[in-house]
>>> print(open('run27.tsv').read())   # TSV, C-alpha atoms
chain	number	residue	atom	x	y	z
A	188	MET	CA	-17.83	-14.27	-19.09
A	189	ALA	CA	-14.93	-14.58	-21.50
A	190	ALA	CA	-12.46	-14.95	-18.64
A	191	ARG	CA	-14.14	-18.18	-17.55
A	192	THR	CA	-13.23	-19.87	-20.84
A	193	ARG	CA	-9.50	-19.55	-20.24
A	194	PRO	CA	-7.76	-22.89	-19.80
A	195	LYS	CA	-6.35	-23.59	-16.35
A	196	SER	CA	-2.78	-24.79	-16.41
A	197	ASP	CA	0.12	-24.90	-13.94
A	198	ALA	CA	2.83	-25.06	-16.62
A	199	PRO	CA	4.98	-23.71	-18.10
A	200	ASP	CA	4.22	-20.20	-16.83
A	201	ALA	CA	3.18	-21.06	-13.27
A	202	SER	CA	5.36	-18.42	-11.62
A	203	ASP	CA	4.08	-15.77	-14.04
A	204	ARG	CA	0.48	-16.65	-13.22
A	205	VAL	CA	1.17	-16.49	-9.48
A	206	SER	CA	2.81	-13.09	-9.96
A	207	ARG	CA	-0.15	-11.84	-12.01
A	208	ILE	CA	-2.58	-12.90	-9.28
A	209	ARG	CA	-0.49	-11.29	-6.55
A	210	GLU	CA	-0.08	-8.07	-8.52
A	211	GLY	CA	-3.76	-7.96	-9.44
A	212	VAL	CA	-4.95	-8.40	-5.86
A	213	THR	CA	-2.38	-5.93	-4.53
A	214	ALA	CA	-3.31	-3.31	-7.16
A	215	ALA	CA	-6.99	-3.67	-6.27
A	216	ILE	CA	-6.12	-3.12	-2.61
A	217	LEU	CA	-3.96	-0.08	-3.39
A	218	GLU	CA	-6.81	1.43	-5.41
A	219	GLN	CA	-9.24	0.46	-2.63
A	220	ARG	CA	-11.38	-1.57	-5.01
A	221	LEU	CA	-10.98	-4.55	-2.68
A	222	LEU	CA	-12.23	-3.66	0.79
A	223	PRO	CA	-10.92	-5.08	4.07
A	224	GLY	CA	-12.73	-8.29	4.92
A	225	THR	CA	-13.60	-9.14	1.29
A	226	LYS	CA	-13.60	-12.89	0.68
A	227	LEU	CA	-11.13	-14.01	-1.99
A	228	GLY	CA	-12.63	-17.16	-3.48
A	229	GLU	CA	-10.05	-19.48	-5.00
A	230	ASP	CA	-12.35	-20.72	-7.78
A	231	GLU	CA	-13.42	-17.22	-8.79
A	232	ILE	CA	-9.86	-15.92	-8.86
A	233	GLY	CA	-8.81	-19.00	-10.82
A	234	ASP	CA	-11.50	-18.29	-13.43
A	235	ILE	CA	-10.43	-14.66	-13.73
A	236	TYR	CA	-6.75	-15.48	-14.26
A	237	GLY	CA	-7.11	-18.87	-15.96
A	238	ALA	CA	-5.14	-20.48	-13.13
A	239	SER	CA	-5.55	-23.66	-11.12
A	240	ARG	CA	-6.56	-23.59	-7.46
A	241	THR	CA	-3.01	-24.64	-6.60
A	242	LEU	CA	-1.58	-21.48	-8.17
A	243	VAL	CA	-4.27	-19.28	-6.65
A	244	ARG	CA	-3.59	-20.79	-3.23
A	245	THR	CA	0.13	-20.16	-3.66
A	246	ALA	CA	-0.48	-16.50	-4.51
A	247	LEU	CA	-2.85	-16.03	-1.58
A	248	GLN	CA	-0.40	-17.69	0.81
A	249	GLN	CA	2.33	-15.29	-0.35
A	250	LEU	CA	0.00	-12.34	0.23
A	251	ALA	CA	-0.88	-13.74	3.66
A	252	HIS	CA	2.84	-13.90	4.48
A	253	GLU	CA	3.02	-10.18	3.65
A	254	GLY	CA	0.06	-9.41	5.92
A	255	ILE	CA	-2.20	-8.29	3.08
A	256	VAL	CA	-4.49	-11.33	3.20
A	257	ASN	CA	-5.78	-13.42	6.10
A	258	ILE	CA	-6.32	-17.14	5.60
A	259	GLU	CA	-8.81	-18.67	8.03
A	260	LYS	CA	-9.10	-22.41	8.54
A	261	ASN	CA	-12.23	-23.87	6.91
A	262	ARG	CA	-13.31	-20.40	5.76
A	263	GLY	CA	-10.79	-19.35	3.11
A	264	ALA	CA	-8.90	-16.16	2.33
A	265	PHE	CA	-10.00	-12.62	3.06
A	266	VAL	CA	-8.52	-9.16	2.53
A	267	ALA	CA	-6.87	-8.31	5.85
A	268	ARG	CA	-8.48	-5.95	8.38
A	269	PRO	CA	-5.57	-4.24	10.16
A	270	THR	CA	-6.19	-3.23	13.77
A	271	PRO	CA	-5.21	0.18	15.21
A	272	ALA	CA	-2.17	-1.55	16.75
A	273	ASP	CA	-1.23	-2.93	13.31
A	274	ALA	CA	-1.55	0.58	11.88
A	275	ARG	CA	0.81	2.06	14.45
A	276	GLU	CA	3.38	-0.66	13.79
A	277	VAL	CA	3.19	-0.14	10.02
A	278	PHE	CA	3.80	3.59	10.27
A	279	GLU	CA	6.54	3.10	12.84
A	280	ALA	CA	8.27	0.77	10.38
A	281	ARG	CA	7.84	3.26	7.54
A	282	ARG	CA	9.32	6.06	9.62
A	283	LEU	CA	12.32	3.87	10.32
A	284	ILE	CA	13.14	2.89	6.74
A	285	GLU	CA	11.87	5.66	4.45
A	286	PRO	CA	14.22	8.43	5.63
A	287	THR	CA	17.10	6.01	4.94
A	288	ILE	CA	15.59	5.18	1.55
A	289	VAL	CA	15.69	8.91	0.76
A	290	ASP	CA	19.39	8.96	1.66
A	291	HIS	CA	20.06	6.22	-0.89
A	292	ALA	CA	17.86	7.96	-3.45
A	293	ILE	CA	19.99	11.11	-3.15
A	294	ASP	CA	23.07	9.00	-3.83
A	295	ALA	CA	21.42	7.73	-7.02
A	296	VAL	CA	19.92	11.03	-8.17
A	297	SER	CA	20.11	11.75	-11.91
A	298	PRO	CA	18.26	13.95	-14.43
A	299	ASP	CA	16.34	10.90	-15.65
A	300	TRP	CA	15.14	10.03	-12.15
A	301	ILE	CA	14.13	13.61	-11.39
A	302	ASP	CA	12.19	13.66	-14.65
A	303	ARG	CA	10.37	10.46	-13.67
A	304	LEU	CA	9.50	11.88	-10.27
A	305	GLN	CA	8.26	15.14	-11.78
A	306	ARG	CA	6.07	13.27	-14.27
A	307	HIS	CA	4.65	11.26	-11.42
A	308	LEU	CA	3.87	14.42	-9.44
A	309	ALA	CA	2.02	15.75	-12.50
A	310	GLU	CA	-0.08	12.55	-12.60
A	311	GLU	CA	-0.90	12.94	-8.92
A	312	ARG	CA	-2.01	16.55	-9.42
A	313	GLU	CA	-4.18	15.58	-12.39
A	314	ALA	CA	-5.89	12.83	-10.39
A	315	GLU	CA	-6.48	15.23	-7.53
A	316	LEU	CA	-7.95	17.89	-9.83
A	317	ARG	CA	-10.42	15.50	-11.44
A	318	GLY	CA	-11.41	14.14	-8.02
A	319	ASP	CA	-10.29	10.59	-8.78
A	320	ALA	CA	-9.85	9.27	-5.22
A	321	ARG	CA	-8.89	5.74	-6.26
A	322	ALA	CA	-6.18	6.94	-8.63
A	323	SER	CA	-4.92	9.35	-5.98
A	324	VAL	CA	-4.51	6.56	-3.43
A	325	ARG	CA	-2.73	4.34	-5.96
A	326	LEU	CA	-0.43	7.13	-7.16
A	327	SER	CA	0.40	8.14	-3.59
A	328	GLY	CA	1.66	4.65	-2.87
A	329	GLU	CA	3.49	4.54	-6.17
A	330	PHE	CA	5.36	7.74	-5.31
A	331	HIS	CA	6.90	6.13	-2.24
A	332	ARG	CA	7.66	2.97	-4.23
A	333	LEU	CA	9.29	5.04	-6.96
A	334	VAL	CA	11.62	6.75	-4.48
A	335	ALA	CA	12.54	3.29	-3.14
A	336	GLU	CA	13.25	2.05	-6.68
A	337	MET	CA	15.42	5.10	-7.22
A	338	SER	CA	17.39	4.23	-4.08
A	339	GLY	CA	18.52	0.95	-5.66
A	340	HIS	CA	18.14	-0.85	-2.32
A	341	SER	CA	16.25	-4.04	-3.16
A	342	ILE	CA	15.69	-5.13	0.45
A	343	TYR	CA	14.13	-1.82	1.45
A	344	LEU	CA	12.06	-1.84	-1.73
A	345	GLY	CA	10.66	-5.27	-0.89
A	346	PHE	CA	9.79	-4.19	2.65
A	347	LEU	CA	8.21	-0.98	1.47
A	348	LYS	CA	5.98	-2.63	-1.15
A	349	GLU	CA	4.44	-4.71	1.62
A	350	LEU	CA	4.09	-1.72	3.93
A	351	ILE	CA	2.45	0.40	1.22
A	352	ALA	CA	-0.19	-2.28	0.58
A	353	ARG	CA	-0.87	-2.54	4.31
A	354	SER	CA	-1.03	1.24	4.55
A	355	SER	CA	-3.72	1.36	1.87
A	356	LEU	CA	-5.93	-0.97	3.93
A	357	ILE	CA	-5.23	1.07	7.05
A	358	ILE	CA	-6.09	4.35	5.34
A	359	LEU	CA	-9.31	2.88	3.98
A	360	LEU	CA	-10.38	1.70	7.43
A	361	TYR	CA	-9.25	4.61	9.57
A	362	ARG	CA	-9.03	7.75	7.45
A	363	ARG	CA	-11.07	10.64	8.77
A	364	HIS	CA	-13.90	11.77	6.49
A	365	ASP	CA	-12.70	13.65	3.39
A	366	THR	CA	-9.09	13.66	4.57
A	367	PRO	CA	-6.57	13.17	1.71
A	368	ALA	CA	-4.48	10.03	2.02
A	369	CYS	CA	-1.15	11.54	1.02
A	370	GLY	CA	-0.53	15.14	0.01
A	371	THR	CA	0.98	15.92	-3.38
A	372	ASP	CA	2.48	19.12	-1.94
A	373	HIS	CA	4.45	17.02	0.53
A	374	HIS	CA	5.70	14.82	-2.27
A	375	ALA	CA	6.80	17.86	-4.26
A	376	VAL	CA	8.81	19.17	-1.29
A	377	ILE	CA	10.51	15.79	-0.89
A	378	VAL	CA	11.42	15.72	-4.59
A	379	ALA	CA	12.83	19.25	-4.36
A	380	ALA	CA	15.06	18.22	-1.44
A	381	ILE	CA	16.24	15.11	-3.31
A	382	ARG	CA	17.05	17.20	-6.38
A	383	LYS	CA	19.12	19.61	-4.28
A	384	GLY	CA	20.90	16.75	-2.53
A	385	ASP	CA	19.75	18.14	0.83
A	386	ARG	CA	19.80	15.01	2.98
A	387	GLU	CA	18.69	16.67	6.18
A	388	ALA	CA	15.70	18.34	4.54
A	389	ALA	CA	14.71	15.23	2.56
A	390	ARG	CA	14.82	13.00	5.63
A	391	ALA	CA	12.95	15.54	7.75
A	392	GLN	CA	10.26	16.07	5.12
A	393	MET	CA	9.72	12.33	4.65
A	394	LEU	CA	9.49	11.79	8.39
A	395	SER	CA	7.10	14.70	8.83
A	396	HIS	CA	4.99	13.49	5.91
A	397	LEU	CA	4.57	9.97	7.31
A	398	THR	CA	3.84	11.31	10.80
A	399	GLU	CA	1.12	13.55	9.39
A	400	ILE	CA	-0.51	10.70	7.46
A	401	GLU	CA	-0.73	8.66	10.65
A	402	ALA	CA	-2.00	11.66	12.64
A	403	GLU	CA	-4.88	12.05	10.18
A	404	LEU	CA	-6.09	8.52	10.91
A	405	PHE	CA	-8.73	7.83	13.54
A	406	LEU	CA	-6.94	5.02	15.35
A	407	LYS	CA	-9.15	3.91	18.19
A	408	ASP	CA	-8.95	0.55	19.89
A	409	PRO	CA	-12.26	-1.35	20.06
A	410	ALA	CA	-11.60	-2.00	23.74
A	411	ALA	CA	-11.98	1.72	24.41
A	412	ASP	CA	-15.54	1.65	23.05
A	413	GLU	CA	-16.37	-1.40	25.13
A	414	LEU	CA	-15.14	0.30	28.28
A	415	ARG	CA	-17.22	3.42	27.68
A	416	LEU	CA	-20.30	1.34	26.81
A	417	ALA	CA	-19.92	-0.60	30.04
A	418	ASP	CA	-19.64	2.63	31.98
A	419	VAL	CA	-22.77	4.04	30.36
A	420	LEU	CA	-24.86	0.90	30.90
A	421	GLY	CA	-23.57	0.62	34.44
A	422	VAL	CA	-24.90	4.12	35.18
>>> encode(input="run27.tsv", output="structure tokens")
Amino acid sequence: MAARTRPKSDAPDASDRVSRIREGVTAAILEQRLLPGTKLGEDEIGDIYGASRTLVRTALQQLAHEGIVNIEKNRGAFVARPTPADAREVFEARRLIEPTIVDHAIDAVSPDWIDRLQRHLAEEREAELRGDARASVRLSGEFHRLVAEMSGHSIYLGFLKELIARSSLIILLYRRHDTPACGTDHHAVIVAAIRKGDREAARAQMLSHLTEIEAELFLKDPAADELRLADVLGV
């Protein structure tokens, strides 16, 4: 492969290489091309990005800090497998911060931002019409990130990027069959409320939207299955 001929170097663009690895892995997770539990080999990733194992390890450690990757002693790095409890915590956190993000977005509203949001909605509808599930998942996450960028609140944006990546893994693991990950109609209603400057409606729509996404997930603790199995075998 051509990628394997790239020279591996830590300088002078080490931070750029780390960022490229992080962004590449995160994008693959958002598009659900990397499945939960997938092993992330340092040598293979290094060959793909022309980076040393030191840089790959740094990128994977950063992703592990964000909860997107698990690093297991003597086994390596793997795409995280969130539990039902993890899923509930992620959506609880999103419900806490995203209505406030919408508040800040309304403060920053402008014709240019509304145009960007409308163009994004059009992309989402096109992906949905052509049945492109991977693009739909990615664009759904990008919508929420775009609203956070519009808000101008860098701390919330950083938190939300992590939560969106975790949400993608959660949706992949626990989404009910043929259930859409994030409705474009909901996004359109949120944009309409932002455009009108209607804080109450925008906050309520965002909260309702996130609650519905979580409600469409089949979050069942493994312990519940074990209990029922024990009951059955006991009979």
>>> closest_atom_pairs(input="run27.tsv", of="range 264-322 of chain A", to="range 201-213 of chain A", cutoff="12 Å", atoms="all atoms listed in the file", output="tab-separated table")
residue	atom	partner	partner_atom	distance
A:Ala264	CA	A:Val212	CA	12.0
A:Phe265	CA	A:Val212	CA	11.1
A:Val266	CA	A:Val212	CA	9.1
A:Ala267	CA	A:Thr213	CA	11.6
>>> residues_near_point(input="run27.tsv", point="(-6.4, 7.6, 3.8)", cutoff="12 Å", atoms="only C-alpha atoms", output="number ranges by chain")
A: 217-219, 274, 320-321, 323-325, 327-328, 351, 353-370, 397, 399-406
>>> closest_atom_pairs(input="run27.tsv", of="range 299-324 of chain A", to="range 275-294 of chain A", cutoff="12 Å", atoms="only C-alpha atoms", output="tab-separated table")
residue	atom	partner	partner_atom	distance
A:Trp300	CA	A:Ala292	CA	9.3
A:Ile301	CA	A:Ile293	CA	10.4
A:Leu304	CA	A:Ala292	CA	11.5
>>> axis_aligned_box(input="run27.tsv", around="range 335-344 of chain A", padding_each_side="6 Å", output="JSON")
{"center_x": 15.3, "center_y": 0.0, "center_z": -2.9, "size_x": 18.5, "size_y": 22.2, "size_z": 20.7}
>>> residues_around(input="run27.tsv", residues="Arg303 in chain A", least_positions_apart="6", cutoff="12 Å", atoms="all atoms listed in the file", output="VMD selection string")
chain A and resid 296 to 297 309 to 310 329 to 330 333 to 334 336 to 337 378 382
>>> write_last_selection(input="run27.tsv", atoms="C-alpha atoms", output="PDB file, in the coordinates of the input")
ATOM      1  CA  VAL A 296      19.920  11.030  -8.170  1.00  0.00           C
ATOM      2  CA  SER A 297      20.110  11.750 -11.910  1.00  0.00           C
ATOM      3  CA  ALA A 309       2.020  15.750 -12.500  1.00  0.00           C
ATOM      4  CA  GLU A 310      -0.080  12.550 -12.600  1.00  0.00           C
ATOM      5  CA  GLU A 329       3.490   4.540  -6.170  1.00  0.00           C
ATOM      6  CA  PHE A 330       5.360   7.740  -5.310  1.00  0.00           C
ATOM      7  CA  LEU A 333       9.290   5.040  -6.960  1.00  0.00           C
ATOM      8  CA  VAL A 334      11.620   6.750  -4.480  1.00  0.00           C
ATOM      9  CA  GLU A 336      13.250   2.050  -6.680  1.00  0.00           C
ATOM     10  CA  MET A 337      15.420   5.100  -7.220  1.00  0.00           C
ATOM     11  CA  VAL A 378      11.420  15.720  -4.590  1.00  0.00           C
ATOM     12  CA  ARG A 382      17.050  17.200  -6.380  1.00  0.00           C
TER      13      ARG A 382
END
>>> closest_residue(input="run27.tsv", among="A:Ile258, A:Leu394, A:Ala379, A:Ala251", to="Ala352 in chain A", atoms="only C-alpha atoms")
A:Ala251
>>> atom_distance(input="run27.tsv", atom1="CA of Lys260 in chain A", atom2="CA of Ser239 in chain A")
20.0 Å
>>> atom_distance(input="run27.tsv", atom1="CA of Ile255 in chain A", atom2="CA of Thr398 in chain A")
21.9 Å
>>> closest_residue(input="run27.tsv", among="A:Ala215, A:Ile235, A:Ala295, A:Leu227", to="Gly263 in chain A", atoms="only C-alpha atoms")
A:Leu227
>>> atom_distance(input="run27.tsv", atom1="CA of Glu311 in chain A", atom2="CA of Thr371 in chain A")
6.6 Å
>>> closest_residue(input="run27.tsv", among="A:Ser341, A:Gln392, A:Gln305, A:Thr225", to="Asn257 in chain A", atoms="only C-alpha atoms")
A:Thr225
>>> closest_residue(input="run27.tsv", among="A:Glu259, A:Asp319, A:Glu349, A:Glu313", to="Lys226 in chain A", atoms="all atoms listed in the file")
A:Glu259
